[in-house]
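Next comes model_28.cif, with mmCIF, C-alpha atoms and all ligand atoms.
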data_query
#
loop_
_atom_site.label_atom_id
_atom_site.label_comp_id
_atom_site.auth_asym_id
_atom_site.auth_seq_id
_atom_site.Cartn_x
_atom_site.Cartn_y
_atom_site.Cartn_z
CA MET A 1 0.00 0.00 0.00
CA ALA A 2 2.83 2.38 0.79
CA LYS A 3 4.13 1.99 -2.73
CA LEU A 4 1.36 3.89 -4.51
CA PRO A 5 1.76 7.26 -2.74
CA THR A 6 5.50 7.08 -3.35
CA GLN A 7 4.92 6.63 -7.07
CA LEU A 8 2.33 9.39 -7.05
CA LEU A 9 4.73 11.71 -5.26
CA ALA A 10 7.41 10.88 -7.77
CA ILE A 11 5.05 11.74 -10.63
CA ILE A 12 3.99 15.03 -9.01
CA PHE A 13 7.63 15.87 -8.32
CA PHE A 14 8.46 15.17 -11.95
CA ILE A 15 5.60 17.35 -13.25
CA VAL A 16 6.63 20.22 -10.98
CA LEU A 17 10.23 19.83 -12.11
CA VAL A 18 9.21 19.96 -15.77
CA LEU A 19 6.99 23.02 -15.21
CA TYR A 20 9.70 24.95 -13.39
CA SER A 21 12.51 24.07 -15.69
CA CYS A 22 10.49 24.79 -18.82
CA PRO A 23 12.52 27.41 -20.69
CA ALA A 24 9.61 28.47 -22.93
CA ARG A 25 8.77 31.58 -20.93
CA SER A 26 12.18 33.14 -21.36
CA GLN A 27 12.35 32.59 -25.08
CA GLU A 28 11.44 35.03 -27.79
CA VAL A 29 7.72 35.68 -28.20
CA GLU A 30 6.23 34.14 -31.33
CA ASP A 31 3.41 36.65 -31.72
CA GLU A 32 5.07 40.01 -32.10
CA SER A 33 1.88 42.04 -32.55
CA GLU A 34 1.99 43.21 -28.91
CA PHE A 35 5.01 45.44 -29.45
CA GLU A 36 6.22 47.89 -32.08
CA TYR A 37 9.50 49.42 -33.25
CA HIS A 38 8.18 52.95 -33.64
CA GLU A 39 7.43 55.04 -30.57
CA ASN A 40 4.35 56.80 -31.93
CA HIS A 41 1.82 54.07 -31.04
CA GLY A 42 2.73 53.76 -27.35
CA LYS A 43 4.13 50.26 -27.84
CA GLY A 44 7.61 51.34 -28.96
CA PRO A 45 10.94 50.13 -27.54
CA SER A 46 10.91 52.59 -24.62
CA LYS A 47 7.56 51.11 -23.47
CA TRP A 48 8.24 47.38 -23.97
CA GLY A 49 8.96 46.87 -20.25
CA GLU A 50 5.48 48.17 -19.33
CA LEU A 51 3.46 46.21 -21.88
CA HIS A 52 3.48 42.82 -20.17
CA PRO A 53 4.27 41.59 -16.63
CA ASN A 54 6.91 39.20 -18.01
CA TRP A 55 8.62 41.89 -20.04
CA THR A 56 9.99 44.11 -17.21
CA SER A 57 13.61 43.32 -18.16
CA CYS A 58 13.06 45.31 -21.36
CA GLY A 59 12.62 48.42 -19.17
CA ASN A 60 14.77 47.92 -16.10
CA GLY A 61 17.33 45.30 -17.18
CA ARG A 62 20.99 46.20 -16.75
CA MET A 63 22.40 43.78 -19.33
CA GLN A 64 20.31 44.56 -22.38
CA SER A 65 21.09 44.13 -26.08
CA PRO A 66 21.98 45.34 -28.64
CA ILE A 67 25.09 47.39 -27.86
CA ASP A 68 27.80 49.19 -29.76
CA MET A 69 31.13 47.40 -29.93
CA SER A 70 33.68 50.17 -29.95
CA ASN A 71 37.39 49.58 -30.20
CA GLU A 72 38.06 51.39 -26.94
CA ARG A 73 35.89 49.07 -24.89
CA VAL A 74 36.78 45.82 -26.64
CA GLN A 75 39.38 43.61 -25.03
CA ILE A 76 41.20 41.32 -27.47
CA VAL A 77 41.56 37.77 -26.13
CA SER A 78 42.74 34.44 -27.48
CA HIS A 79 41.39 32.07 -24.82
CA LEU A 80 37.71 31.87 -25.82
CA GLY A 81 38.30 29.28 -28.53
CA ARG A 82 36.66 28.91 -31.89
CA LEU A 83 32.89 28.76 -32.19
CA LYS A 84 32.19 25.04 -31.97
CA ARG A 85 29.24 24.49 -34.28
CA SER A 86 27.98 20.98 -34.94
CA TYR A 87 25.04 21.67 -37.21
CA ARG A 88 23.25 19.21 -39.47
CA PRO A 89 20.33 19.30 -41.93
CA ALA A 90 16.89 19.17 -40.29
CA ASN A 91 13.27 19.85 -41.07
CA SER A 92 12.45 23.51 -40.84
CA THR A 93 9.51 25.87 -40.94
CA LEU A 94 9.48 29.50 -42.01
CA LYS A 95 7.20 31.74 -39.98
CA ASN A 96 6.16 35.37 -40.33
CA ARG A 97 6.21 36.52 -36.68
CA GLY A 98 4.82 39.96 -37.46
CA HIS A 99 8.05 41.97 -37.29
CA ASP A 100 10.46 39.41 -38.68
CA MET A 101 10.83 36.15 -40.55
CA MET A 102 11.91 33.19 -38.46
CA LEU A 103 13.22 29.87 -39.70
CA SER A 104 12.86 27.26 -36.96
CA TRP A 105 14.20 23.73 -36.82
CA GLU A 106 12.39 20.80 -35.29
CA GLY A 107 13.36 19.42 -31.89
CA GLU A 108 17.09 19.06 -31.39
CA GLU A 109 17.73 17.86 -34.91
CA ALA A 110 19.65 20.79 -36.32
CA GLY A 111 22.59 20.38 -33.96
CA ALA A 112 24.19 22.68 -31.44
CA ILE A 113 27.05 24.90 -30.37
CA GLU A 114 29.19 24.33 -27.32
CA ILE A 115 30.36 27.14 -25.06
CA ASN A 116 32.40 26.45 -21.90
CA GLY A 117 31.31 22.81 -21.89
CA THR A 118 27.59 23.60 -22.18
CA VAL A 119 25.66 22.43 -25.22
CA TYR A 120 23.18 24.90 -26.69
CA VAL A 121 20.78 23.42 -29.22
CA LEU A 122 19.95 25.45 -32.32
CA GLN A 123 16.27 26.37 -32.37
CA GLN A 124 15.73 29.12 -34.93
CA CYS A 125 17.22 31.96 -36.88
CA HIS A 126 15.69 35.30 -37.89
CA TRP A 127 16.74 38.61 -39.42
CA HIS A 128 16.79 42.25 -38.34
CA SER A 129 17.21 45.18 -40.70
CA PRO A 130 19.14 47.35 -40.28
CA SER A 131 21.58 45.61 -37.93
CA GLU A 132 20.93 45.87 -34.19
CA HIS A 133 24.52 45.74 -33.01
CA THR A 134 26.93 48.36 -34.27
CA ILE A 135 30.72 48.32 -34.63
CA ASN A 136 32.41 51.61 -33.77
CA GLY A 137 29.03 53.28 -34.18
CA ARG A 138 28.42 51.90 -37.64
CA ARG A 139 25.11 50.21 -38.30
CA TYR A 140 25.04 47.63 -41.08
CA ASP A 141 22.17 46.65 -43.40
CA LEU A 142 21.14 43.30 -41.94
CA GLU A 143 21.78 41.11 -38.91
CA LEU A 144 21.03 37.38 -38.60
CA HIS A 145 20.48 35.82 -35.20
CA LEU A 146 20.95 32.09 -34.57
CA VAL A 147 19.19 31.31 -31.30
CA HIS A 148 20.37 28.33 -29.22
CA VAL A 149 19.03 27.04 -25.90
CA SER A 150 20.66 24.67 -23.40
CA ALA A 151 18.87 21.83 -21.59
CA ASP A 152 18.42 24.06 -18.54
CA GLY A 153 17.05 26.99 -20.55
CA LYS A 154 20.16 29.16 -20.95
CA ILE A 155 20.33 31.08 -24.23
CA ALA A 156 23.26 31.66 -26.60
CA VAL A 157 22.89 33.71 -29.78
CA ILE A 158 25.28 34.00 -32.71
CA GLY A 159 24.92 37.26 -34.62
CA ILE A 160 26.10 37.79 -38.20
CA MET A 161 26.07 41.23 -39.83
CA TYR A 162 25.75 42.07 -43.51
CA LYS A 163 26.34 45.11 -45.70
CA ILE A 164 25.07 45.64 -49.24
CA GLY A 165 27.11 43.75 -51.82
CA ARG A 166 27.08 40.29 -53.32
CA PRO A 167 24.08 38.02 -52.62
CA ASP A 168 23.99 35.88 -49.51
CA SER A 169 23.67 32.28 -50.70
CA PHE A 170 21.59 31.14 -47.74
CA LEU A 171 18.95 33.83 -48.35
CA SER A 172 19.02 33.06 -52.07
CA SER A 173 18.03 29.49 -51.24
CA LEU A 174 15.00 30.74 -49.28
CA VAL A 175 13.58 33.25 -51.77
CA GLU A 176 10.73 31.05 -52.98
CA HIS A 177 9.62 30.22 -49.47
CA LEU A 178 9.85 33.83 -48.31
CA THR A 179 7.73 34.99 -51.22
CA ALA A 180 5.12 32.33 -50.42
CA ILE A 181 4.32 33.80 -47.00
CA THR A 182 4.77 37.46 -47.87
CA ASP A 183 2.16 39.63 -46.16
CA ILE A 184 0.71 36.70 -44.22
CA THR A 185 1.12 37.56 -40.53
CA GLU A 186 1.43 34.35 -38.54
CA GLY A 187 1.88 32.74 -41.95
CA GLU A 188 3.82 29.52 -41.82
CA LYS A 189 5.42 27.39 -44.47
CA VAL A 190 7.09 24.03 -44.13
CA VAL A 191 10.41 24.46 -45.90
CA GLY A 192 11.81 20.97 -45.48
CA MET A 193 15.43 20.03 -44.88
CA ILE A 194 17.68 23.01 -44.32
CA ASN A 195 21.28 22.71 -43.22
CA PRO A 196 22.25 25.52 -40.81
CA LYS A 197 25.86 24.90 -41.89
CA ASP A 198 24.89 26.73 -45.09
CA ILE A 199 24.76 29.94 -43.05
CA LYS A 200 28.30 31.10 -43.70
CA ILE A 201 30.41 32.73 -41.03
CA GLY A 202 33.72 33.02 -42.86
CA SER A 203 35.77 34.23 -39.91
CA ARG A 204 37.13 32.88 -36.68
CA LYS A 205 37.00 36.25 -34.94
CA TYR A 206 33.97 37.12 -32.92
CA TYR A 207 32.84 39.51 -30.19
CA ARG A 208 31.61 38.01 -26.93
CA TYR A 209 29.54 39.71 -24.26
CA ILE A 210 26.64 38.95 -21.94
CA GLY A 211 23.38 40.61 -22.95
CA SER A 212 19.72 39.86 -23.59
CA LEU A 213 17.21 38.90 -26.22
CA THR A 214 16.55 42.00 -28.33
CA ILE A 215 12.79 41.40 -28.48
CA PRO A 216 10.40 40.84 -25.56
CA PRO A 217 10.69 39.32 -23.00
CA CYS A 218 14.28 40.72 -23.27
CA THR A 219 15.54 37.82 -21.13
CA GLU A 220 19.04 38.50 -19.74
CA ASN A 221 22.21 36.41 -19.35
CA VAL A 222 22.22 35.62 -23.04
CA ILE A 223 25.70 34.71 -24.28
CA TRP A 224 26.30 36.73 -27.43
CA SER A 225 28.85 35.82 -30.09
CA ILE A 226 28.92 38.37 -32.91
CA VAL A 227 30.99 37.40 -35.90
CA ARG A 228 33.64 40.07 -36.58
CA LYS A 229 33.57 39.73 -40.35
CA VAL A 230 30.75 41.67 -41.95
CA ARG A 231 29.31 39.62 -44.80
CA THR A 232 27.29 40.82 -47.80
CA VAL A 233 23.70 40.71 -48.96
CA THR A 234 21.94 42.39 -51.88
CA ARG A 235 19.56 45.31 -51.47
CA GLU A 236 16.88 43.10 -53.01
CA GLN A 237 17.40 40.40 -50.37
CA VAL A 238 17.08 42.92 -47.54
CA ARG A 239 13.99 44.35 -49.21
CA LEU A 240 12.44 40.92 -49.60
CA LEU A 241 12.78 40.21 -45.89
CA ARG A 242 11.17 43.55 -45.02
CA VAL A 243 8.40 43.35 -47.61
CA ALA A 244 7.65 39.76 -46.65
CA VAL A 245 6.91 40.85 -43.07
CA HIS A 246 5.00 43.91 -44.23
CA ASP A 247 4.41 45.39 -40.80
CA SER A 248 4.31 49.00 -42.10
CA SER A 249 7.58 49.63 -40.31
CA ASP A 250 10.86 50.21 -42.05
CA THR A 251 12.86 48.73 -39.21
CA ASN A 252 12.92 45.85 -36.76
CA ALA A 253 16.09 46.87 -34.99
CA ARG A 254 15.91 47.71 -31.30
CA PRO A 255 17.80 50.89 -30.34
CA LEU A 256 21.24 50.54 -28.70
CA GLN A 257 21.18 49.80 -24.97
CA ALA A 258 23.44 51.03 -22.16
CA ILE A 259 26.65 49.06 -21.64
CA ASN A 260 26.61 49.47 -17.81
CA GLN A 261 30.26 48.46 -17.23
CA ARG A 262 29.95 45.22 -19.14
CA SER A 263 33.07 43.92 -20.80
CA VAL A 264 33.16 43.09 -24.49
CA GLN A 265 35.79 40.68 -25.74
CA LEU A 266 37.04 40.12 -29.24
CA PHE A 267 38.28 36.59 -29.75
CA ARG A 268 41.26 36.35 -32.08
CA PRO A 269 43.02 32.99 -32.40
CA ALA A 270 46.66 33.07 -31.30
CA ASP A 271 47.70 31.73 -34.72
CA ASP A 272 45.65 34.35 -36.51
CA GLU A 273 46.41 34.81 -40.19
CA GLU A 274 43.90 36.79 -42.18
CA ASN A 275 40.47 36.13 -40.67
ZN ZN A 301 16.99 38.78 -33.03
#
Is it possible to express this structure as structure tokens?
Ligand SMILES: [Zn+2]
Amino acid sequence: MAKLPTQLLAIIFFIVLVLYSCPARSQEVEDESEFEYHENHGKGPSKWGELHPNWTSCGNGRMQSPIDMSNERVQIVSHLGRLKRSYRPANSTLKNRGHDMMLSWEGEEAGAIEINGTVYVLQQCHWHSPSEHTINGRRYDLELHLVHVSADGKIAVIGIMYKIGRPDSFLSSLVEHLTAITDITEGEKVVGMINPKDIKIGSRKYYRYIGSLTIPPCTENVIWSIVRKVRTVTREQVRLLRVAVHDSSDTNARPLQAINQRSVQLFRPADDEEN
């Protein structure tokens, strides 16, 4: 008789554990209609922290993103190690979130990155135009975010910036799918197998700092790795991403946030040649 309550307790304990360790709350919102990028509707970036009880970090957080990475505050280091990406092809879905296009991969199939011994599984990528982070005050034309989450809900994002130039091959491969859900808010399209390895980095140098998600809930303690090399994209590709969302806004870049004494490191391998 004593066995049953023990099992029951174990089940309850397990359910509670799952509920409390569920990382879903701290991840990026999927319906972006509750906030805006322009201030004139009362839902702009300066008000995000007041719009929802779970979004207070957007207003009073001390480690918010994006930031400017200026030479004078960047410390060059060689101990961080290369970005360890073990990506593989997986089923993906393209979604119009309202302010951006998001490509998400199923389950844990698309692989992961490893930082300081912790594995962060790749969940999704999305684009901001113009770029959210700046280098020495310069804003670029586009920024891609690869969002990874660890088993205990910690977040690590890789950021890649682009300026106008030659086409980006990864975006070229998505054109048809992007066009298919243009103007359809909440529109979704199964894209099929996409290999995140096809998102080119092309450099071993990257900036590292601790920040936040740049959209609500603006969750903090996000490990940022921003690739130093600025890649290229065509004007048409940037336009397609914006037009596809069609949210009547010409931007989905959050304004720069205060550094608040945070350190920014630039990883450069000791045996650095060109990149
Ligand atoms: Zn983002």
For a test of reading the model, state the distance in Å between CA of Val233 (chain A) and CA of Leu266 (chain A), rounded to one decimal.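 Answer for the CA of Val233 (chain A) to CA of Leu266 (chain A) separation: 23.8 Å.
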Taking all atoms listed in the file into account, name the residue in A:Thr118, A:Ser65, A:Thr179, A:Ser169 that is nearest to ligand ZN 301 (chain A).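 Answer, going by the shortest atom-to-atom distance: A:Ser65.
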Give me, as a Markdown table, the closest atom pair and its distance (Å, one decimal) for every residue of chain A within a cut-off of 8 Å of ligand ZN 301 (chain A), counting only C-alpha atoms and all ligand atoms, rows sorted by chain and rising number.
| residue | atom | partner | partner_atom | distance |
| --- | --- | --- | --- | --- |
| A:Cys125 | CA | A:ZN301 | ZN | 7.8 |
| A:His126 | CA | A:ZN301 | ZN | 6.1 |
| A:Trp127 | CA | A:ZN301 | ZN | 6.4 |
| A:His128 | CA | A:ZN301 | ZN | 6.3 |
| A:Glu143 | CA | A:ZN301 | ZN | 7.9 |
| A:Leu144 | CA | A:ZN301 | ZN | 7.0 |
| A:His145 | CA | A:ZN301 | ZN | 5.1 |
| A:Leu146 | CA | A:ZN301 | ZN | 7.9 |
| A:Val147 | CA | A:ZN301 | ZN | 8.0 |
| A:Leu213 | CA | A:ZN301 | ZN | 6.8 |
| A:Thr214 | CA | A:ZN301 | ZN | 5.7 |
| A:Ile215 | CA | A:ZN301 | ZN | 6.7 |
Using CA of Asn195 (chain A) and CA of Arg88 (chain A) as the two end points, give the distance in Å to one decimal. 5.5 Å
Of the candidates A:Ile160, A:Val222, A:Ala90, A:Val175, which one gets nearest to Ile199 (chain A) if we count all atoms listed in the file?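 Using all atoms listed in the file, Ile199 (chain A) sits closest to A:Ile160.
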